[in-house]
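Report on the structure given below.
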Amino acid sequence: MTAPEKRKQPKHPYLVRSLRTLGLGLILSVILHVLLDASLSGFNLSATFDMIKTYPIPFLLGILVLMLVYLFLISLIGNVWASSTIFVGTSIVVAFANNQKFLERGEPLYPQEFEMITQWRFMLSMLSTWLVILLFLGIAIIIAIAWILDRYSRKISAKYYGRDFKYWDRKTLIIRIAGLIFSGVLLFSLTNFQSSDNWLRKAYNIDAQWKDVDPKESYQQYGFVGGLIYSATANIMDKPVNYTESHIKDITKKYSKLADQINATRKNKPMDDVNIVYVMSESFSDPTRLHGVTTSSDPIPETRKIMEKYPSGYSLSQGYGGGTANIEFEALTGLSMYNINPQITSPYQMFLYQKENFPSLVSALKQNNYETIAIHPFKPSFYRRTDVYNALEFNKFISRDEMKHTESLDDSEYISDASAFQETLDQLRAHKTSTFIHLVTMQNHMTYWDKYINTIGVEGVPEKNKQTVETYLQGIKYSDDALRDFVTELDNMKEKTMVVFWGDHLPSVFPEEIVNQNTERTMHETPLFMYANFDIPKEDYGTISPIYFVPKMLELTDSKVSPYYALLTEMSKEVQGLEKNVLINGDNQTIIEDQLSPKAKEYLEDYKLIEYDLVSGKGYSKPALFKDK
């Protein structure tokens, strides 16, 4: 009986092992890239492969980027199986989250949303129990497989290579350091992806046309990885060709003169001795306006009564199913998402939180010695609100952690609108000086599963959607009741108080069958009214953008305007609604850009320059544009 032949060992074991590791990384990168792309279409592999066939170069480049990420991880950690577990597990979680967001809102995961991992409990609460179990089970299986493979890898290594590789031996360290530097430098270079000279941008440009591409389309055309990189590195706004200090100062002078003309006919200081309350009501809408939806009773009768008595209309929301902070950004700053690059999907999270101070309604009211308070019955870190509110110059931010009134309704996990309104009333009564309160409610935030005893039925939606829609209807019915009580309390207050109330966006509870029966504009319109416990004229606003809330308040109270609000006052007469997909002229008619009047184009051009100056430029307009006249 002959002895078993000894296995021939490779001549260059470190090289062979490195190549095999890279081969594993390549295989994983291909599989995970397909998975990530498939998550954009509900894991429809046929649609995914059609996309790959149409845009093969972006697909290959996405694999290359994933390979660089894998190389960076393996070089940093040193353990093949630990690195592979992190790589695979993270990709699966991202693909799962991306698919869920597409199902709920028809949008992919944008770069700034990855920081939501810090709110993981809240994110998991938005999923059904079985999906959470499935997700954790999948991750547990991956970790178990990696543990088993790692346990036996040393035996396999000794048998195949004739040695046990240590993470810290000299040759391994040299290879790891080289891999870390190589992958790190290339990955860091992607931060300059918007440059035409960037190596990856040049490669993508063989197959991709990025100009004016909607961020969702960039994901769907060029893959999840390409769309993510493009959105993560986008400029806030592209610099206008005529942006110069002298030109901005000319614009400032122009609207200073206009402010003087407007103020000549107005008698009051800006909002003199009037408390102001902004109520941005989470997902508050009027479902009875939607074609195809029939409710057994009116869910918002009290809101309708207020709208009939006071200045009212509809707010043109930038979002559908989400985007709360963007609507908030428009209402507080008077700056429109219309001019901001579409890849900047959250100004709060992508640039505003970094500002030391930023001109807004809040800073303008502080000029007049207002106490400025933000109230949001949720976590203060959500959308980086703590930093953003500091930049906007709020005196105080009351989150759920500081609220005294924290009651919820039935089985809801959120603080009720009634509690939020009571907190607002307490703050109004506690301050003797004029007060501005910005309340962002949370009661009607998704999910809309079985949390109320529903009293309003719905017809016209598929049976599978009925309970969700009816739960949503019950939620806004509770909001409507709370609003009635809030206004009753304000009616009895001695201090003059004005309330601007609007819904931030429609919820995503309505199925595609309903959405297709309605216009883009209808799906972005929410109730708006301006209440006061003193005499103000009744106005019908039609549909207006949140950027015009302040000039409308100033007009209602016969208040003088700053040059900035003079611009918005005049612009609103020519284009009263402007969002990415909807333009509304001064006659409340939906138009396209080519139908804008010459005056509208002039105002919009000046407005765009001012917006660039504030968000990306040198701030030349700040000293004069925001001073009250």
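We name chains A, B, ... following the order of the structure tokens; residues begin at 1 in each chain, and ligands are numbered from 1 as shown.
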For this session: Name the residues in contact with A:Gly322 at a cut-off of 10 Å, using only C-alpha atoms, excluding same-chain residues fewer than 3 positions from it; report them as a ChimeraX atom specification.
Result: /A:104-105,107,282-283,317-319,325-327,445-446,504-508
Once you have the residues from the selection above, write them out as a tab-separated table (two decimals), in the first residue's frame, restricted to N, CA, C and O atoms.
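Saved the output as result-v1.tsv:
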```tsv
chain	number	residue	atom	x	y	z
A	104	GLU	N	-43.33	52.01	-1.12
A	104	GLU	CA	-44.09	53.01	-0.36
A	104	GLU	C	-44.19	54.35	-1.08
A	104	GLU	O	-45.23	55.00	-1.06
A	105	ARG	N	-43.06	54.79	-1.71
A	105	ARG	CA	-43.02	56.16	-2.23
A	105	ARG	C	-42.59	56.26	-3.69
A	105	ARG	O	-42.54	57.35	-4.24
A	107	GLU	N	-39.65	55.84	-4.89
A	107	GLU	CA	-38.33	56.47	-4.96
A	107	GLU	C	-37.27	55.54	-4.41
A	107	GLU	O	-37.56	54.71	-3.53
A	282	GLU	N	-48.71	66.73	9.49
A	282	GLU	CA	-48.16	65.55	8.83
A	282	GLU	C	-49.22	64.81	8.01
A	282	GLU	O	-50.26	64.39	8.54
A	283	SER	N	-48.97	64.69	6.72
A	283	SER	CA	-49.80	63.92	5.78
A	283	SER	C	-51.27	64.33	5.76
A	283	SER	O	-52.14	63.54	5.41
A	317	SER	N	-47.42	70.98	-2.70
A	317	SER	CA	-46.38	70.25	-1.97
A	317	SER	C	-45.30	69.74	-2.92
A	317	SER	O	-45.58	69.23	-4.00
A	318	GLN	N	-44.06	69.86	-2.48
A	318	GLN	CA	-42.93	69.36	-3.26
A	318	GLN	C	-42.91	67.83	-3.25
A	318	GLN	O	-42.38	67.22	-4.17
A	319	GLY	N	-43.50	67.21	-2.23
A	319	GLY	CA	-43.40	65.76	-2.11
A	319	GLY	C	-44.74	65.06	-2.25
A	319	GLY	O	-45.81	65.66	-2.23
A	325	ALA	N	-39.44	67.51	5.36
A	325	ALA	CA	-38.45	68.56	5.67
A	325	ALA	C	-38.24	69.51	4.49
A	325	ALA	O	-37.86	70.66	4.70
A	326	ASN	N	-38.47	69.04	3.27
A	326	ASN	CA	-38.32	69.92	2.11
A	326	ASN	C	-39.42	70.97	2.05
A	326	ASN	O	-39.17	72.13	1.68
A	327	ILE	N	-40.63	70.56	2.38
A	327	ILE	CA	-41.74	71.51	2.41
A	327	ILE	C	-41.52	72.52	3.54
A	327	ILE	O	-41.77	73.71	3.41
A	445	HIS	N	-48.21	60.29	10.57
A	445	HIS	CA	-47.07	59.71	9.86
A	445	HIS	C	-47.35	58.23	9.60
A	445	HIS	O	-48.03	57.56	10.38
A	446	MET	N	-46.82	57.73	8.46
A	446	MET	CA	-46.95	56.31	8.22
A	446	MET	C	-46.29	55.52	9.37
A	446	MET	O	-45.40	56.06	10.04
A	504	ASP	N	-48.39	68.81	4.84
A	504	ASP	CA	-47.09	68.80	4.17
A	504	ASP	C	-47.14	68.04	2.84
A	504	ASP	O	-46.54	68.46	1.86
A	505	HIS	N	-47.87	66.94	2.79
A	505	HIS	CA	-47.97	66.16	1.54
A	505	HIS	C	-49.08	65.13	1.69
A	505	HIS	O	-49.54	64.83	2.80
A	506	LEU	N	-49.53	64.57	0.59
A	506	LEU	CA	-50.47	63.46	0.65
A	506	LEU	C	-49.71	62.20	1.09
A	506	LEU	O	-48.52	62.08	0.84
A	507	PRO	N	-50.43	61.27	1.72
A	507	PRO	CA	-49.78	60.01	2.10
A	507	PRO	C	-49.69	59.09	0.89
A	507	PRO	O	-50.38	59.29	-0.11
A	508	SER	N	-48.88	58.07	1.01
A	508	SER	CA	-48.73	57.12	-0.12
A	508	SER	C	-49.66	55.92	0.04
A	508	SER	O	-49.36	54.83	-0.44
```
Exercise. Excluding same-chain residues fewer than 4 positions from A:Asn454, what lies within 9 Å of it counting only C-alpha atoms, as a list in words?
Worked result: Asp450, Gln467, Glu470, Thr471, Tyr472, Leu473, Gln474 and Gly475 of chain A
Problem set entry | Gap from atom CA of A:Lys432 to atom CA of A:Leu490 - Å, one decimal | 15.5 Å
Problem set entry | Residues within 8 Å of A:Ala38, only C-alpha atoms, excluding chain neighbours under 5 positions, as an MDAnalysis selection string | chainID A and resid 43:45 47:48
Selected residues, N, CA and C atoms, written as an mmCIF file, in the first residue's frame, please.
```cif
data_model
loop_
_atom_site.group_PDB
_atom_site.id
_atom_site.type_symbol
_atom_site.label_atom_id
_atom_site.label_comp_id
_atom_site.auth_asym_id
_atom_site.auth_seq_id
_atom_site.Cartn_x
_atom_site.Cartn_y
_atom_site.Cartn_z
ATOM 1 N N PHE A 43 -37.605 43.507 -7.386
ATOM 2 C CA PHE A 43 -36.867 42.261 -7.618
ATOM 3 C C PHE A 43 -37.380 41.526 -8.851
ATOM 4 N N ASN A 44 -37.722 42.321 -9.864
ATOM 5 C CA ASN A 44 -38.115 41.780 -11.168
ATOM 6 C C ASN A 44 -36.835 41.565 -11.982
ATOM 7 N N LEU A 45 -36.375 40.315 -12.047
ATOM 8 C CA LEU A 45 -35.093 40.025 -12.695
ATOM 9 C C LEU A 45 -35.139 40.291 -14.193
ATOM 10 N N ALA A 47 -36.822 42.679 -15.755
ATOM 11 C CA ALA A 47 -36.628 44.125 -15.930
ATOM 12 C C ALA A 47 -35.198 44.526 -15.613
ATOM 13 N N THR A 48 -34.603 43.858 -14.626
ATOM 14 C CA THR A 48 -33.222 44.173 -14.241
ATOM 15 C C THR A 48 -32.255 43.846 -15.364
#
```
Problem set entry | Contacts of A:Pro301 within 12 Å, only C-alpha atoms, excl. fewer than 3 positions in-chain, as a ChimeraX atom specification | /A:286,288,297-298,304-308,476-484
For this session: List the neighbours of A:Val550 out to 8 Å using only C-alpha atoms; skip same-chain residues closer than 6 positions along the sequence, and give me the result as a list in words.
Result: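 Here the answer would be Ala331, Gly334, Leu361 and Tyr565 of chain A.
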Selected residues written out with N, CA, C and O atoms, as a compact mmCIF listing (two decimals), in the first residue's frame:
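Result file is selection37.txt:
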```txt
# COMPACT_ATOMS: atom_id res chain seq x y z
N ALA A 331 -41.22 76.67 3.38
CA ALA A 331 -42.08 77.55 4.16
C ALA A 331 -41.29 78.49 5.08
O ALA A 331 -41.69 79.63 5.28
N GLY A 334 -38.50 80.56 2.31
CA GLY A 334 -38.98 81.21 1.09
C GLY A 334 -38.17 80.81 -0.13
O GLY A 334 -38.31 81.42 -1.20
N LEU A 361 -37.67 83.20 7.83
CA LEU A 361 -38.73 83.87 8.57
C LEU A 361 -38.33 84.00 10.04
O LEU A 361 -38.61 85.01 10.68
N TYR A 565 -38.98 89.88 0.59
CA TYR A 565 -40.41 89.57 0.52
C TYR A 565 -41.13 90.44 -0.50
O TYR A 565 -42.21 90.07 -0.97
```
I'd like the neighbourhood of A:Pro240 as a compact mmCIF listing (two decimals) with N, CA, C and O atoms, in the first residue's frame, where a residue qualifies if any of its atoms comes within 10 Å (using only C-alpha atoms), though same-chain residues fewer than 2 positions away should be ignored.
```txt
# COMPACT_ATOMS: atom_id res chain seq x y z
N MET A 237 -26.65 73.80 -6.37
CA MET A 237 -27.15 74.48 -7.56
C MET A 237 -25.96 74.72 -8.49
O MET A 237 -24.83 74.90 -8.02
N ASP A 238 -26.21 74.71 -9.76
CA ASP A 238 -25.15 75.05 -10.73
C ASP A 238 -25.00 76.57 -10.76
O ASP A 238 -26.00 77.31 -10.75
N ASN A 242 -24.24 84.50 -14.98
CA ASN A 242 -24.22 85.94 -14.67
C ASN A 242 -24.14 86.22 -13.18
O ASN A 242 -24.52 87.30 -12.72
N TYR A 243 -23.66 85.24 -12.41
CA TYR A 243 -23.53 85.44 -10.97
C TYR A 243 -22.25 86.21 -10.66
O TYR A 243 -21.15 85.68 -10.78
N THR A 244 -22.41 87.47 -10.28
CA THR A 244 -21.29 88.31 -9.85
C THR A 244 -21.76 89.17 -8.68
O THR A 244 -22.96 89.38 -8.48
N GLU A 605 -35.71 84.57 -12.80
CA GLU A 605 -34.27 84.68 -13.03
C GLU A 605 -33.60 85.39 -11.85
O GLU A 605 -32.56 84.95 -11.35
N LYS A 608 -33.70 83.06 -8.81
CA LYS A 608 -32.72 81.98 -8.91
C LYS A 608 -31.32 82.47 -8.52
O LYS A 608 -30.58 81.76 -7.82
N LEU A 609 -30.96 83.65 -8.95
CA LEU A 609 -29.66 84.22 -8.60
C LEU A 609 -29.55 84.46 -7.09
O LEU A 609 -28.51 84.17 -6.48
N TYR A 612 -29.18 81.05 -5.38
CA TYR A 612 -27.80 80.55 -5.50
C TYR A 612 -26.87 81.30 -4.56
O TYR A 612 -26.01 80.69 -3.90
N ASP A 613 -27.04 82.60 -4.49
CA ASP A 613 -26.20 83.43 -3.62
C ASP A 613 -26.30 82.96 -2.17
O ASP A 613 -25.29 82.96 -1.45
```
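Using only C-alpha atoms, the nearest neighbour of A:Gly226 within the list A:Pro58, A:Lys254, A:Phe436, A:Thr294 is A:Pro58.
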For this session: Just list the residues in stretch 392-495 of chain A DSSP gives strand (DSSP E) on the backbone, as JSON, numbers by chain.
Result: {"A": [396, 397, 398, 399, 435, 436, 437, 438, 439, 440, 458, 459]}
Please produce a file of the residues just selected, as a PDB file, in the first residue's frame, where the atoms kept are C-alpha atoms.
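And here's selection_6.pdb as it stands now:
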```pdb
ATOM      1  CA  LYS A 396     -35.858  77.008  21.468  1.00  0.00           C
ATOM      2  CA  PHE A 397     -36.575  73.538  20.064  1.00  0.00           C
ATOM      3  CA  ILE A 398     -39.073  71.386  21.944  1.00  0.00           C
ATOM      4  CA  SER A 399     -38.937  67.775  20.777  1.00  0.00           C
ATOM      5  CA  THR A 435     -44.080  84.639  19.767  1.00  0.00           C
ATOM      6  CA  PHE A 436     -43.520  82.592  16.628  1.00  0.00           C
ATOM      7  CA  ILE A 437     -44.169  78.870  16.978  1.00  0.00           C
ATOM      8  CA  HIS A 438     -43.392  76.418  14.218  1.00  0.00           C
ATOM      9  CA  LEU A 439     -45.245  73.158  14.923  1.00  0.00           C
ATOM     10  CA  VAL A 440     -44.534  70.052  12.838  1.00  0.00           C
ATOM     11  CA  VAL A 458     -64.023  54.126   1.738  1.00  0.00           C
ATOM     12  CA  GLU A 459     -65.023  52.916  -1.716  1.00  0.00           C
TER      13      GLU A 459
END
```
Exercise. Residues at most 10 Å from A:Gly179, counting only C-alpha atoms, excluding those fewer than 2 positions away in the same chain, as a VMD selection string?
Worked result: chain A and resid 68 71 to 76 173 to 177 181 to 185
Problem set entry | A:Thr386, A:Thr372, A:Gly460, A:Trp449 ranked by distance to A:Leu428, top pick (using only C-alpha atoms) |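 Selected residue with least distance to A:Leu428: A:Thr372.
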For this session: Name the closest residue to A:Asn99 among the candidates A:Val16, A:Ile31, A:Leu61, A:Leu40; distances are taken between atoms, counting only C-alpha atoms.
Result: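 The shortest atom-to-atom distance to A:Asn99 comes from A:Leu40.
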For this session: Pull the helix (DSSP H, G or I) assignments for stretch 57-300 of chain A out of DSSP run on the backbone, and list those residues as a ChimeraX atom specification.
Result: /A:57-77,80-105,111-125,129-161,170-192,199-204,215-232,245-263,287-289
Exercise. Which residue gives the smallest distance to A:Ser231 among A:Leu290, A:Val487, A:Met350, A:Leu316, with only C-alpha atoms counted?
Worked result: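 Selected residue with least distance to A:Ser231: A:Met350.
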For this session: To one decimal in Å, tell me the separation between atom CA of A:Tyr548 and atom CA of A:Pro377.
Result: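 That distance, rounded to one decimal, is 25.7 Å.
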